[in-house]
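Trainee: Dropping a structure here in structure tokens format, bear with me for questions.
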Amino acid sequence: MTSSKAFAIVIMAAGKGTRLKSKRAKVLHAIAGKPLLAHVIAAAQKVVAAADIHVIIGHQADEVRRAVESSGVGFILQADQRGTGHAIMCAREQVQGYENILVLSGDVPLIRPETITRLRDFHLAEKAAMTILTAEPDDPSGYGRMVRAGGDRVKAIVEQKALSKSQQKIREINTGIYAFATKPLFANIDRLTTDNPHSEFYLTDMAALLVKKKSPVLALKAAEAGEVLGANTLAEMAQLDAFLRMRKCNELMDSGVSVYRPETCTIDPDVEIGADTIIEPFVQILGNTRVGSDCRIRSFSVISDSQIGDNVLVRPGCIIDQSKVGSGALLGPYSHLRPASEIGEGAHIGNFVETKKIRMGRGSKANHLTYLGDAEIGEGVNVGAGTITCNYDGVHKHLTIIEDGAFIGSDSTLVAPVRIGKGAYVAAGSSITQDVPEDALAFGRARQQTKEGWAKRRREKSK
Ligand code: UD1
Ligand code: CA
């Protein structure tokens with residue numbers, strides 16, 4: 001046997017989540033931008049090392065493992081999901097060397113490390129065989145209920161479907177989070193039966209089993225029910241998501257960021273925003289995004305995995321993805337910055353302009369109806385309305401270079417690879433296929449012909 005260690009955390013995450021009516025395993029559904037299970041692992045990692053966290057997987061095991069394996073936790077396979085008691089039976093080999101285990105549910109995602117620690121300390125101080133974290137939510141329906149024997153002592157946990165008439169009045173619920181001393185747990189776990197409406201092994205039945213063996217089973221009530229609510233339906237997930245989103249907005253507001261109508265905004269937990277920035281209603285800021293100070297992000301913009309400098313105005317309806325925007329820049333309305341767009345300080349990207357993999361220098365402007373892809377654009381460049389970089393020949397992508405101070409007339413097509421030299425002019429409506437030298441003027445369009453009186457003659461002929 002390996003030397004006995006004090007504590008492991010086991011996270012049950014093998015279930016399908018039938019009540020979701022979804023193809024995806026329940027613990028992979030996201031709230032606040034992260035899978036349910038990732039929230040639980042993050043809390044567990046604040047209490048024990050990743051090596052002492054064991055996640056029980058089963059339904060869509062590979063997908064679940066892939067989603068969280070970078071955390072360094074271990075995995076235990078429960079090939080057939082025959083109930084929460086069966087899940088712990090599957091973990092015996094990996095965890096019986098610990099003196100105690102804490103059991104968390106992969107679908108109770110708001111649990112805080114402080115609460116896990118409190119459960120552990122109480123369990124150890126009381127030398128309990130099993131300690132059940134309980135709560136009193138406003139609506140206890142659907143949860144297992146606590147039948148107490150007096151004081152902290154528990155008599156049994158009774159699942160919703162098995163409640164007697166008088167037990168239906170019990171408001172205290174089982175949160176699905178427990179501490180166990182491993183010796184009595186594994187000495188008795190094989191006594192669990194499947195004598196219940198789902199024909200499953202219920203971990204909750206361990207309470208009455210241990211009580212029968214005169215082992216101490218205790219209840220510890222969580223300070224607030226909000227953090228131990230389960231996510232069994234999509235409606236419950238939406239509620240937990242809203243709760244976490246509001247918490248993030250409140251943190252931002254505490255640090256000097258104005259969030260108007262915060263209940264309409266979706267801001268991921270890792271997003272950083274500087275003071276005096278204003279976030280208007282219906283904005284989404286996602287992933288690993290940083291927004292500087294004194295910015296204004298106007299409504300209906302979606303920013304993901306991007307860096308925005310200070311004093312940037314993002315007008316309504318912009319999409320910014322994996323891009324960088326320099327301080328003082330002005331975007332939108334309706335600009336689309338696709339991955340690897342780097343917009344320089346004070347630059348303008350305006351109405352219906354799409355960019356992809358470009359570097360645009362300080363103070364350059366592309367204000368209207370333009371596509372800029374695979375381009376290096378210098379400083380002080382003016383890109384006229386309707387300009388297109390033709391970057392794709394059907395097989396390969398090619399680079400367009402526009403040097404400092406160049407002027408691209410409206411409705412020009414720049415057929416890459418091509419270079420527009422410093423300070424050069426491209427006449428409006430040009431199709432540019434050859435490099436334009438510094439300070440030159442390039443026309444790339446048919447010369448205009450004008451036929452005097454032609455329209456009048458035509459009208460008269462058709463009378
Ligand atoms: C469980 C409790 C209930 C408690 C509630 C709190 C039981 C029998 N009931 O009910 O008393 O009030 O949690 O949220 O335990 N899982 C596995 N393997 C399985 C079955 C489930 O790993 O074979 C996992 C699920 O993925 C989930 C967790 O265990 O993360 C709980 O399972 P779930 O089916 O959601 O239990 P509840 O019905 O919510
Ligand atoms: Ca559940």
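Going through the structure tokens in order, the chains are called A, B, and so on, while each chain numbers its residues from 1 and the ligands are numbered from 1 in the order shown.
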Hey, what's within 10 Å of A:Ala51 if we count only C-alpha atoms and toss same-chain stuff fewer than 4 positions away? As a list in words, please?
Mentor: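 The residues satisfying every condition are Ala8, Ile9, Gln45, Ser71, Gly72, Val73 and Gly74 of chain A.
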Trainee: Emit the selected residues as a PDB file, in the first residue's frame, including N, CA, C and O atoms.
Mentor:
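Writing the result to part.pdb gives the following:
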```pdb
ATOM      1  N   ALA A   8      -8.004  13.645  -0.258  1.00  0.00           N
ATOM      2  CA  ALA A   8      -8.146  13.744  -1.717  1.00  0.00           C
ATOM      3  C   ALA A   8      -9.499  14.376  -1.999  1.00  0.00           C
ATOM      4  O   ALA A   8     -10.392  14.355  -1.152  1.00  0.00           O
ATOM      5  N   ILE A   9      -9.636  14.933  -3.179  1.00  0.00           N
ATOM      6  CA  ILE A   9     -10.952  15.403  -3.614  1.00  0.00           C
ATOM      7  C   ILE A   9     -11.381  14.560  -4.804  1.00  0.00           C
ATOM      8  O   ILE A   9     -10.609  14.361  -5.750  1.00  0.00           O
ATOM      9  N   GLN A  45      -8.814  23.008  -6.672  1.00  0.00           N
ATOM     10  CA  GLN A  45      -7.367  23.254  -6.726  1.00  0.00           C
ATOM     11  C   GLN A  45      -6.902  24.294  -5.723  1.00  0.00           C
ATOM     12  O   GLN A  45      -5.708  24.402  -5.461  1.00  0.00           O
ATOM     13  N   SER A  71      -5.525  21.042 -16.443  1.00  0.00           N
ATOM     14  CA  SER A  71      -5.458  21.389 -15.019  1.00  0.00           C
ATOM     15  C   SER A  71      -4.542  20.443 -14.238  1.00  0.00           C
ATOM     16  O   SER A  71      -4.152  20.744 -13.118  1.00  0.00           O
ATOM     17  N   GLY A  72      -4.220  19.281 -14.829  1.00  0.00           N
ATOM     18  CA  GLY A  72      -3.317  18.345 -14.145  1.00  0.00           C
ATOM     19  C   GLY A  72      -4.003  17.359 -13.215  1.00  0.00           C
ATOM     20  O   GLY A  72      -3.334  16.583 -12.530  1.00  0.00           O
ATOM     21  N   VAL A  73      -5.316  17.346 -13.173  1.00  0.00           N
ATOM     22  CA  VAL A  73      -6.034  16.416 -12.292  1.00  0.00           C
ATOM     23  C   VAL A  73      -5.980  15.001 -12.858  1.00  0.00           C
ATOM     24  O   VAL A  73      -5.680  14.803 -14.033  1.00  0.00           O
ATOM     25  N   GLY A  74      -6.280  14.005 -12.006  1.00  0.00           N
ATOM     26  CA  GLY A  74      -6.338  12.617 -12.459  1.00  0.00           C
ATOM     27  C   GLY A  74      -7.758  12.236 -12.845  1.00  0.00           C
ATOM     28  O   GLY A  74      -8.720  12.916 -12.473  1.00  0.00           O
TER      29      GLY A  74
END
```
Trainee: Please report, as a tab-separated table (two decimals) with all heavy atoms, in the first residue's frame, each residue of stretch 100-147 of chain A to which DSSP assigns strand (DSSP E) when run on this structure's backbone.
Mentor:
```
chain	number	residue	atom	x	y	z
A	100	ASN	N	-9.04	10.53	4.27
A	100	ASN	CA	-10.36	11.12	4.04
A	100	ASN	C	-10.50	11.53	2.59
A	100	ASN	O	-9.51	11.83	1.94
A	100	ASN	CB	-10.55	12.37	4.90
A	100	ASN	CG	-10.52	12.06	6.38
A	100	ASN	OD1	-11.52	11.66	6.96
A	100	ASN	ND2	-9.36	12.23	7.00
A	101	ILE	N	-11.73	11.56	2.12
A	101	ILE	CA	-11.96	12.18	0.81
A	101	ILE	C	-13.10	13.19	0.91
A	101	ILE	O	-14.00	13.05	1.72
A	101	ILE	CB	-12.29	11.15	-0.30
A	101	ILE	CG1	-13.53	10.33	0.03
A	101	ILE	CG2	-11.10	10.25	-0.58
A	101	ILE	CD1	-14.02	9.48	-1.13
A	102	LEU	N	-12.97	14.20	0.08
A	102	LEU	CA	-14.07	15.14	-0.10
A	102	LEU	C	-14.68	14.81	-1.45
A	102	LEU	O	-13.96	14.63	-2.43
A	102	LEU	CB	-13.54	16.57	-0.16
A	102	LEU	CG	-13.14	17.19	1.17
A	102	LEU	CD1	-12.20	18.35	0.93
A	102	LEU	CD2	-14.37	17.67	1.91
A	103	VAL	N	-15.99	14.71	-1.48
A	103	VAL	CA	-16.67	14.39	-2.74
A	103	VAL	C	-17.43	15.63	-3.21
A	103	VAL	O	-18.24	16.19	-2.46
A	103	VAL	CB	-17.64	13.20	-2.54
A	103	VAL	CG1	-18.43	12.95	-3.82
A	103	VAL	CG2	-16.88	11.95	-2.12
A	104	LEU	N	-17.13	16.06	-4.42
A	104	LEU	CA	-17.84	17.20	-5.01
A	104	LEU	C	-18.61	16.71	-6.23
A	104	LEU	O	-18.26	15.69	-6.83
A	104	LEU	CB	-16.85	18.29	-5.46
A	104	LEU	CG	-15.82	18.79	-4.46
A	104	LEU	CD1	-14.97	19.90	-5.10
A	104	LEU	CD2	-16.49	19.32	-3.20
A	105	SER	N	-19.62	17.45	-6.63
A	105	SER	CA	-20.38	17.11	-7.83
A	105	SER	C	-19.97	18.04	-8.97
A	105	SER	O	-19.89	19.26	-8.78
A	105	SER	CB	-21.88	17.27	-7.59
A	105	SER	OG	-22.37	16.13	-6.92
A	130	MET	N	-18.93	10.47	8.00
A	130	MET	CA	-19.47	11.14	6.82
A	130	MET	C	-20.01	12.49	7.26
A	130	MET	O	-20.72	12.58	8.26
A	130	MET	CB	-20.59	10.29	6.22
A	130	MET	CG	-21.34	10.92	5.05
A	130	MET	SD	-22.68	9.81	4.47
A	130	MET	CE	-23.22	10.66	2.98
A	131	THR	N	-19.64	13.54	6.53
A	131	THR	CA	-20.22	14.86	6.82
A	131	THR	C	-20.86	15.36	5.53
A	131	THR	O	-20.24	15.32	4.46
A	131	THR	CB	-19.15	15.86	7.29
A	131	THR	OG1	-18.47	15.27	8.41
A	131	THR	CG2	-19.78	17.16	7.73
A	132	ILE	N	-22.09	15.78	5.64
A	132	ILE	CA	-22.86	16.19	4.47
A	132	ILE	C	-23.02	17.70	4.48
A	132	ILE	O	-23.47	18.26	5.48
A	132	ILE	CB	-24.25	15.52	4.48
A	132	ILE	CG1	-24.09	13.99	4.53
A	132	ILE	CG2	-25.09	15.96	3.28
A	132	ILE	CD1	-25.23	13.29	5.25
A	133	LEU	N	-22.63	18.33	3.40
A	133	LEU	CA	-22.87	19.77	3.28
A	133	LEU	C	-24.33	19.97	2.88
A	133	LEU	O	-24.78	19.40	1.88
A	133	LEU	CB	-21.94	20.38	2.24
A	133	LEU	CG	-22.02	21.90	2.12
A	133	LEU	CD1	-21.47	22.60	3.36
A	133	LEU	CD2	-21.27	22.40	0.88
A	134	THR	N	-25.04	20.75	3.65
A	134	THR	CA	-26.47	20.96	3.38
A	134	THR	C	-26.74	22.44	3.12
A	134	THR	O	-25.86	23.28	3.26
A	134	THR	CB	-27.33	20.50	4.58
A	134	THR	OG1	-27.17	21.46	5.64
A	134	THR	CG2	-26.94	19.12	5.06
A	135	ALA	N	-27.97	22.72	2.71
A	135	ALA	CA	-28.35	24.12	2.48
A	135	ALA	C	-29.86	24.22	2.57
A	135	ALA	O	-30.57	23.22	2.55
A	135	ALA	CB	-27.88	24.57	1.10
A	145	ARG	N	-33.44	15.30	0.61
A	145	ARG	CA	-33.67	16.09	1.85
A	145	ARG	C	-32.96	15.44	3.03
A	145	ARG	O	-32.81	14.22	3.10
A	145	ARG	CB	-35.15	16.17	2.20
A	145	ARG	CG	-36.08	16.85	1.25
A	145	ARG	CD	-35.63	18.13	0.65
A	145	ARG	NE	-36.11	18.15	-0.73
A	145	ARG	CZ	-37.37	18.29	-1.06
A	145	ARG	NH1	-38.30	18.48	-0.14
A	145	ARG	NH2	-37.73	18.24	-2.31
A	146	MET	N	-32.61	16.30	3.98
A	146	MET	CA	-31.90	15.87	5.18
A	146	MET	C	-32.90	15.50	6.27
A	146	MET	O	-33.71	16.34	6.67
A	146	MET	CB	-31.02	17.00	5.71
A	146	MET	CG	-29.95	17.46	4.74
A	146	MET	SD	-28.92	16.11	4.15
A	146	MET	CE	-28.37	15.43	5.71
A	147	VAL	N	-32.79	14.28	6.73
A	147	VAL	CA	-33.56	13.89	7.91
A	147	VAL	C	-32.58	13.86	9.07
A	147	VAL	O	-31.66	13.05	9.09
A	147	VAL	CB	-34.24	12.52	7.72
A	147	VAL	CG1	-35.08	12.18	8.95
A	147	VAL	CG2	-35.09	12.52	6.46
```
Trainee: Give me the residues near stretch 349-358 of chain A as a list in words, where near means some atom within 7 Å (using only C-alpha atoms) and where sequence neighbours in that chain fewer than 3 positions away do not count.
Mentor: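 So the residues in contact are Leu330, Leu331, Gly332, Pro333, Tyr334, Ser335, His336, Leu337, Arg338, Pro339, Ala340, Ser341, Glu342, Lys365, Ala366, Asn367, His368, Leu369, Thr370, Tyr371, Leu372, Gly373, Asp374, Ala375 and Glu376 of chain A.
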Trainee: Put those residues in a file: N, CA, C and O atoms, as a CSV table (one decimal), in the first residue's frame.
Mentor:
```csv
chain,number,residue,atom,x,y,z
A,330,LEU,N,-10.3,54.4,-33.1
A,330,LEU,CA,-11.8,54.6,-33.2
A,330,LEU,C,-12.3,53.5,-34.1
A,330,LEU,O,-11.8,53.4,-35.3
A,331,LEU,N,-13.2,52.8,-33.7
A,331,LEU,CA,-13.7,51.6,-34.5
A,331,LEU,C,-15.2,51.8,-34.6
A,331,LEU,O,-15.9,52.2,-33.8
A,332,GLY,N,-15.7,51.3,-35.8
A,332,GLY,CA,-17.1,51.2,-36.0
A,332,GLY,C,-17.8,52.4,-36.5
A,332,GLY,O,-17.2,53.4,-36.8
A,333,PRO,N,-19.1,52.4,-36.6
A,333,PRO,CA,-20.0,51.3,-36.2
A,333,PRO,C,-19.8,50.1,-37.2
A,333,PRO,O,-19.4,50.4,-38.4
A,334,TYR,N,-20.1,48.9,-36.8
A,334,TYR,CA,-20.1,47.7,-37.6
A,334,TYR,C,-18.7,47.4,-38.3
A,334,TYR,O,-18.6,47.2,-39.5
A,335,SER,N,-17.7,47.5,-37.5
A,335,SER,CA,-16.4,47.0,-38.0
A,335,SER,C,-16.2,45.6,-37.6
A,335,SER,O,-16.6,45.2,-36.5
A,336,HIS,N,-15.4,44.8,-38.4
A,336,HIS,CA,-15.2,43.4,-38.1
A,336,HIS,C,-13.7,43.2,-38.1
A,336,HIS,O,-13.1,43.1,-39.2
A,337,LEU,N,-13.1,43.1,-37.0
A,337,LEU,CA,-11.6,42.8,-36.9
A,337,LEU,C,-11.5,41.3,-36.7
A,337,LEU,O,-11.7,40.8,-35.6
A,338,ARG,N,-11.0,40.6,-37.7
A,338,ARG,CA,-10.8,39.2,-37.7
A,338,ARG,C,-9.4,38.9,-37.1
A,338,ARG,O,-8.6,39.9,-37.0
A,339,PRO,N,-9.1,37.7,-36.8
A,339,PRO,CA,-7.8,37.4,-36.1
A,339,PRO,C,-6.6,38.0,-36.7
A,339,PRO,O,-6.5,38.2,-37.9
A,340,ALA,N,-5.7,38.4,-35.8
A,340,ALA,CA,-4.4,39.0,-36.1
A,340,ALA,C,-4.5,40.4,-36.8
A,340,ALA,O,-3.6,40.7,-37.6
A,341,SER,N,-5.5,41.1,-36.4
A,341,SER,CA,-5.6,42.5,-36.9
A,341,SER,C,-4.9,43.4,-35.8
A,341,SER,O,-5.2,43.3,-34.6
A,342,GLU,N,-3.9,44.2,-36.2
A,342,GLU,CA,-3.3,45.1,-35.2
A,342,GLU,C,-3.5,46.5,-35.7
A,342,GLU,O,-3.0,46.9,-36.7
A,365,LYS,N,-6.3,55.6,-41.6
A,365,LYS,CA,-7.8,55.5,-41.6
A,365,LYS,C,-8.3,54.7,-42.7
A,365,LYS,O,-7.9,54.8,-43.9
A,366,ALA,N,-9.3,53.8,-42.4
A,366,ALA,CA,-10.1,53.1,-43.4
A,366,ALA,C,-11.5,53.3,-42.9
A,366,ALA,O,-12.0,52.5,-42.1
A,367,ASN,N,-12.2,54.3,-43.4
A,367,ASN,CA,-13.5,54.6,-42.7
A,367,ASN,C,-14.7,54.0,-43.3
A,367,ASN,O,-15.7,53.9,-42.6
A,368,HIS,N,-14.7,53.5,-44.5
A,368,HIS,CA,-15.9,53.0,-45.1
A,368,HIS,C,-15.8,51.8,-45.9
A,368,HIS,O,-14.9,51.8,-46.8
A,369,LEU,N,-16.6,50.8,-45.7
A,369,LEU,CA,-16.9,49.7,-46.7
A,369,LEU,C,-15.6,49.1,-47.4
A,369,LEU,O,-15.5,49.1,-48.6
A,370,THR,N,-14.7,48.6,-46.6
A,370,THR,CA,-13.4,48.2,-47.1
A,370,THR,C,-13.1,46.8,-46.6
A,370,THR,O,-13.5,46.4,-45.5
A,371,TYR,N,-12.3,46.0,-47.4
A,371,TYR,CA,-11.7,44.8,-46.9
A,371,TYR,C,-10.2,44.9,-47.0
A,371,TYR,O,-9.6,45.1,-48.0
A,372,LEU,N,-9.6,44.7,-45.8
A,372,LEU,CA,-8.1,44.8,-45.7
A,372,LEU,C,-7.6,43.4,-45.1
A,372,LEU,O,-7.9,43.2,-43.9
A,373,GLY,N,-7.0,42.6,-46.0
A,373,GLY,CA,-6.6,41.3,-45.5
A,373,GLY,C,-5.1,41.1,-45.9
A,373,GLY,O,-4.7,41.5,-47.0
A,374,ASP,N,-4.3,40.5,-45.0
A,374,ASP,CA,-2.9,40.2,-45.3
A,374,ASP,C,-2.2,41.5,-45.8
A,374,ASP,O,-1.7,41.5,-46.9
A,375,ALA,N,-2.2,42.5,-44.9
A,375,ALA,CA,-1.7,43.8,-45.4
A,375,ALA,C,-0.8,44.4,-44.3
A,375,ALA,O,-1.1,44.2,-43.1
A,376,GLU,N,0.2,45.1,-44.8
A,376,GLU,CA,1.0,46.0,-43.8
A,376,GLU,C,0.8,47.4,-44.3
A,376,GLU,O,1.2,47.8,-45.4
```
Trainee: Taking only C-alpha atoms and all ligand atoms and a cut-off of 6 Å, can you tell me which residues surround ligand 1, written as an MDAnalysis selection string?
Mentor: chainID A and resid 12:15 56 81:84 87 105:107 143:144 159 173:176 202:204 230
Trainee: For the residues selected in the previous step, produce a file with N, CA and C atoms as a PDB file, in the first residue's frame.
Mentor:
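Below you can see part27.pdb, which holds the result:
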```
ATOM      1  N   MET A  12     -17.421  13.930  -8.979  1.00  0.00           N
ATOM      2  CA  MET A  12     -18.271  13.033  -9.773  1.00  0.00           C
ATOM      3  C   MET A  12     -18.735  13.769 -11.030  1.00  0.00           C
ATOM      4  N   ALA A  13     -18.332  13.251 -12.176  1.00  0.00           N
ATOM      5  CA  ALA A  13     -18.652  13.951 -13.430  1.00  0.00           C
ATOM      6  C   ALA A  13     -18.932  12.973 -14.562  1.00  0.00           C
ATOM      7  N   ALA A  14     -19.427  11.791 -14.217  1.00  0.00           N
ATOM      8  CA  ALA A  14     -19.610  10.755 -15.244  1.00  0.00           C
ATOM      9  C   ALA A  14     -21.019  10.735 -15.829  1.00  0.00           C
ATOM     10  N   GLY A  15     -21.944  11.445 -15.185  1.00  0.00           N
ATOM     11  CA  GLY A  15     -23.354  11.336 -15.579  1.00  0.00           C
ATOM     12  C   GLY A  15     -23.637  11.994 -16.927  1.00  0.00           C
ATOM     13  N   ILE A  56     -14.155  11.639 -11.756  1.00  0.00           N
ATOM     14  CA  ILE A  56     -14.795  10.429 -12.272  1.00  0.00           C
ATOM     15  C   ILE A  56     -15.522  10.775 -13.559  1.00  0.00           C
ATOM     16  N   GLN A  81     -22.651   4.159 -15.978  1.00  0.00           N
ATOM     17  CA  GLN A  81     -23.005   5.096 -14.911  1.00  0.00           C
ATOM     18  C   GLN A  81     -24.191   4.545 -14.143  1.00  0.00           C
ATOM     19  N   ARG A  82     -23.872   3.870 -13.030  1.00  0.00           N
ATOM     20  CA  ARG A  82     -24.922   3.195 -12.275  1.00  0.00           C
ATOM     21  C   ARG A  82     -25.211   3.914 -10.967  1.00  0.00           C
ATOM     22  N   GLY A  83     -24.978   5.223 -10.954  1.00  0.00           N
ATOM     23  CA  GLY A  83     -25.351   6.022  -9.796  1.00  0.00           C
ATOM     24  C   GLY A  83     -24.152   6.605  -9.062  1.00  0.00           C
ATOM     25  N   THR A  84     -24.454   7.576  -8.188  1.00  0.00           N
ATOM     26  CA  THR A  84     -23.383   8.291  -7.482  1.00  0.00           C
ATOM     27  C   THR A  84     -22.622   7.354  -6.531  1.00  0.00           C
ATOM     28  N   ALA A  87     -20.254   5.445  -8.631  1.00  0.00           N
ATOM     29  CA  ALA A  87     -19.127   6.296  -9.030  1.00  0.00           C
ATOM     30  C   ALA A  87     -18.005   6.201  -7.994  1.00  0.00           C
ATOM     31  N   SER A 105     -19.621  17.455  -6.625  1.00  0.00           N
ATOM     32  CA  SER A 105     -20.378  17.112  -7.831  1.00  0.00           C
ATOM     33  C   SER A 105     -19.966  18.040  -8.968  1.00  0.00           C
ATOM     34  N   GLY A 106     -19.732  17.443 -10.115  1.00  0.00           N
ATOM     35  CA  GLY A 106     -19.345  18.235 -11.286  1.00  0.00           C
ATOM     36  C   GLY A 106     -20.424  19.198 -11.732  1.00  0.00           C
ATOM     37  N   ASP A 107     -21.637  19.034 -11.224  1.00  0.00           N
ATOM     38  CA  ASP A 107     -22.733  19.908 -11.645  1.00  0.00           C
ATOM     39  C   ASP A 107     -23.190  20.839 -10.525  1.00  0.00           C
ATOM     40  N   TYR A 143     -34.226  18.092  -4.939  1.00  0.00           N
ATOM     41  CA  TYR A 143     -33.047  17.694  -4.162  1.00  0.00           C
ATOM     42  C   TYR A 143     -33.383  16.591  -3.155  1.00  0.00           C
ATOM     43  N   GLY A 144     -32.352  15.848  -2.741  1.00  0.00           N
ATOM     44  CA  GLY A 144     -32.483  14.951  -1.607  1.00  0.00           C
ATOM     45  C   GLY A 144     -32.614  15.774  -0.335  1.00  0.00           C
ATOM     46  N   GLU A 159     -34.233  10.875  -1.013  1.00  0.00           N
ATOM     47  CA  GLU A 159     -34.367  11.479  -2.350  1.00  0.00           C
ATOM     48  C   GLU A 159     -35.802  11.959  -2.573  1.00  0.00           C
ATOM     49  N   ILE A 173     -31.660  20.654   2.282  1.00  0.00           N
ATOM     50  CA  ILE A 173     -31.328  19.716   1.201  1.00  0.00           C
ATOM     51  C   ILE A 173     -29.899  19.188   1.315  1.00  0.00           C
ATOM     52  N   ASN A 174     -29.681  18.049   0.652  1.00  0.00           N
ATOM     53  CA  ASN A 174     -28.326  17.521   0.472  1.00  0.00           C
ATOM     54  C   ASN A 174     -27.730  18.221  -0.747  1.00  0.00           C
ATOM     55  N   THR A 175     -26.572  18.860  -0.579  1.00  0.00           N
ATOM     56  CA  THR A 175     -25.963  19.588  -1.705  1.00  0.00           C
ATOM     57  C   THR A 175     -25.216  18.658  -2.657  1.00  0.00           C
ATOM     58  N   GLY A 176     -25.047  17.388  -2.259  1.00  0.00           N
ATOM     59  CA  GLY A 176     -24.261  16.463  -3.094  1.00  0.00           C
ATOM     60  C   GLY A 176     -22.767  16.620  -2.870  1.00  0.00           C
ATOM     61  N   TYR A 202     -27.147   4.689  -4.863  1.00  0.00           N
ATOM     62  CA  TYR A 202     -27.150   6.081  -4.395  1.00  0.00           C
ATOM     63  C   TYR A 202     -26.076   6.286  -3.331  1.00  0.00           C
ATOM     64  N   LEU A 203     -25.210   7.250  -3.540  1.00  0.00           N
ATOM     65  CA  LEU A 203     -24.225   7.573  -2.497  1.00  0.00           C
ATOM     66  C   LEU A 203     -24.935   8.105  -1.251  1.00  0.00           C
ATOM     67  N   THR A 204     -26.084   8.700  -1.472  1.00  0.00           N
ATOM     68  CA  THR A 204     -26.844   9.267  -0.348  1.00  0.00           C
ATOM     69  C   THR A 204     -27.248   8.194   0.667  1.00  0.00           C
ATOM     70  N   GLY A 230     -27.555  23.151  -7.798  1.00  0.00           N
ATOM     71  CA  GLY A 230     -27.160  22.244  -8.867  1.00  0.00           C
ATOM     72  C   GLY A 230     -27.630  22.772 -10.209  1.00  0.00           C
TER      73      GLY A 230
END
```
Trainee: Taking into account only C-alpha atoms and all ligand atoms, which residue in the set A:Gly33, A:Met237, A:Leu77, A:Ala222 is nearest to ligand 2?
Mentor: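 Of A:Gly33, A:Met237, A:Leu77, A:Ala222, the one nearest ligand 2 is A:Met237, counting only C-alpha atoms and all ligand atoms.
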Trainee: Quick one: residues within 8 Å of A:Pro437, only C-alpha atoms counted, chain neighbours fewer than 2 positions away excluded, as a ChimeraX atom specification?
Mentor: /A:420-422,424,435,439-440
Trainee: For each of A:Glu126, A:Lys26, A:Leu110, A:Ala91, take the minimum atom-to-atom distance to A:Val40, counting only C-alpha atoms, then give the residue where this is smallest.
Mentor: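 Among the listed residues, the smallest separation from A:Val40 belongs to A:Leu110.
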Trainee: Mind checking which residues fall within 10 Å of A:Val312, counting only C-alpha atoms, ignoring those fewer than 5 positions away in the same chain, and posting them as a ChimeraX atom specification?
Mentor: /A:277,291-297,325-331,345-347
Trainee: Store the residues picked out above in a file with N, CA, C and O atoms, as a short mmCIF file (atom, residue, chain, number, x, y, z; two decimals), in the first residue's frame.
Mentor:
```cif
data_model
loop_
_atom_site.label_atom_id
_atom_site.label_comp_id
_atom_site.auth_asym_id
_atom_site.auth_seq_id
_atom_site.Cartn_x
_atom_site.Cartn_y
_atom_site.Cartn_z
N THR A 277 -13.54 53.24 -17.89
CA THR A 277 -14.08 52.73 -19.16
C THR A 277 -15.58 52.51 -18.97
O THR A 277 -16.03 52.17 -17.87
N VAL A 291 -9.12 45.33 -21.80
CA VAL A 291 -9.54 46.63 -22.30
C VAL A 291 -8.92 47.68 -21.37
O VAL A 291 -8.99 47.53 -20.15
N GLY A 292 -8.32 48.71 -21.94
CA GLY A 292 -7.65 49.72 -21.12
C GLY A 292 -8.61 50.67 -20.42
O GLY A 292 -9.80 50.40 -20.28
N SER A 293 -8.07 51.81 -19.99
CA SER A 293 -8.85 52.82 -19.26
C SER A 293 -9.48 53.81 -20.24
O SER A 293 -9.01 53.98 -21.35
N ASP A 294 -10.50 54.49 -19.76
CA ASP A 294 -11.14 55.59 -20.51
C ASP A 294 -11.64 55.19 -21.88
O ASP A 294 -11.69 56.01 -22.80
N CYS A 295 -11.99 53.93 -22.05
CA CYS A 295 -12.58 53.50 -23.33
C CYS A 295 -14.09 53.59 -23.22
O CYS A 295 -14.65 53.69 -22.13
N ARG A 296 -14.75 53.54 -24.36
CA ARG A 296 -16.19 53.38 -24.36
C ARG A 296 -16.53 52.27 -25.34
O ARG A 296 -16.16 52.35 -26.52
N ILE A 297 -17.18 51.25 -24.85
CA ILE A 297 -17.56 50.12 -25.71
C ILE A 297 -19.06 50.23 -25.88
O ILE A 297 -19.82 50.03 -24.93
N VAL A 325 -5.79 46.57 -30.53
CA VAL A 325 -6.21 47.90 -30.93
C VAL A 325 -5.43 48.91 -30.08
O VAL A 325 -5.47 48.86 -28.85
N GLY A 326 -4.71 49.82 -30.75
CA GLY A 326 -3.88 50.78 -30.03
C GLY A 326 -4.71 51.87 -29.36
O GLY A 326 -5.88 52.10 -29.70
N SER A 327 -4.08 52.57 -28.42
CA SER A 327 -4.77 53.61 -27.67
C SER A 327 -5.29 54.70 -28.61
O SER A 327 -4.66 55.01 -29.62
N GLY A 328 -6.41 55.27 -28.26
CA GLY A 328 -6.97 56.39 -29.02
C GLY A 328 -7.58 56.00 -30.35
O GLY A 328 -8.00 56.87 -31.12
N ALA A 329 -7.64 54.73 -30.66
CA ALA A 329 -8.22 54.30 -31.94
C ALA A 329 -9.74 54.45 -31.89
O ALA A 329 -10.34 54.56 -30.82
N LEU A 330 -10.32 54.43 -33.07
CA LEU A 330 -11.76 54.63 -33.20
C LEU A 330 -12.30 53.55 -34.14
O LEU A 330 -11.83 53.45 -35.28
N LEU A 331 -13.21 52.76 -33.66
CA LEU A 331 -13.71 51.65 -34.47
C LEU A 331 -15.21 51.77 -34.65
O LEU A 331 -15.92 52.22 -33.75
N GLU A 345 -2.14 53.16 -32.89
CA GLU A 345 -2.66 54.24 -32.05
C GLU A 345 -3.38 55.28 -32.91
O GLU A 345 -2.89 55.68 -33.96
N GLY A 346 -4.52 55.69 -32.44
CA GLY A 346 -5.27 56.76 -33.10
C GLY A 346 -5.78 56.41 -34.49
O GLY A 346 -6.26 57.29 -35.22
N ALA A 347 -5.69 55.17 -34.90
CA ALA A 347 -6.18 54.79 -36.24
C ALA A 347 -7.70 54.68 -36.23
O ALA A 347 -8.32 54.56 -35.17
#
```
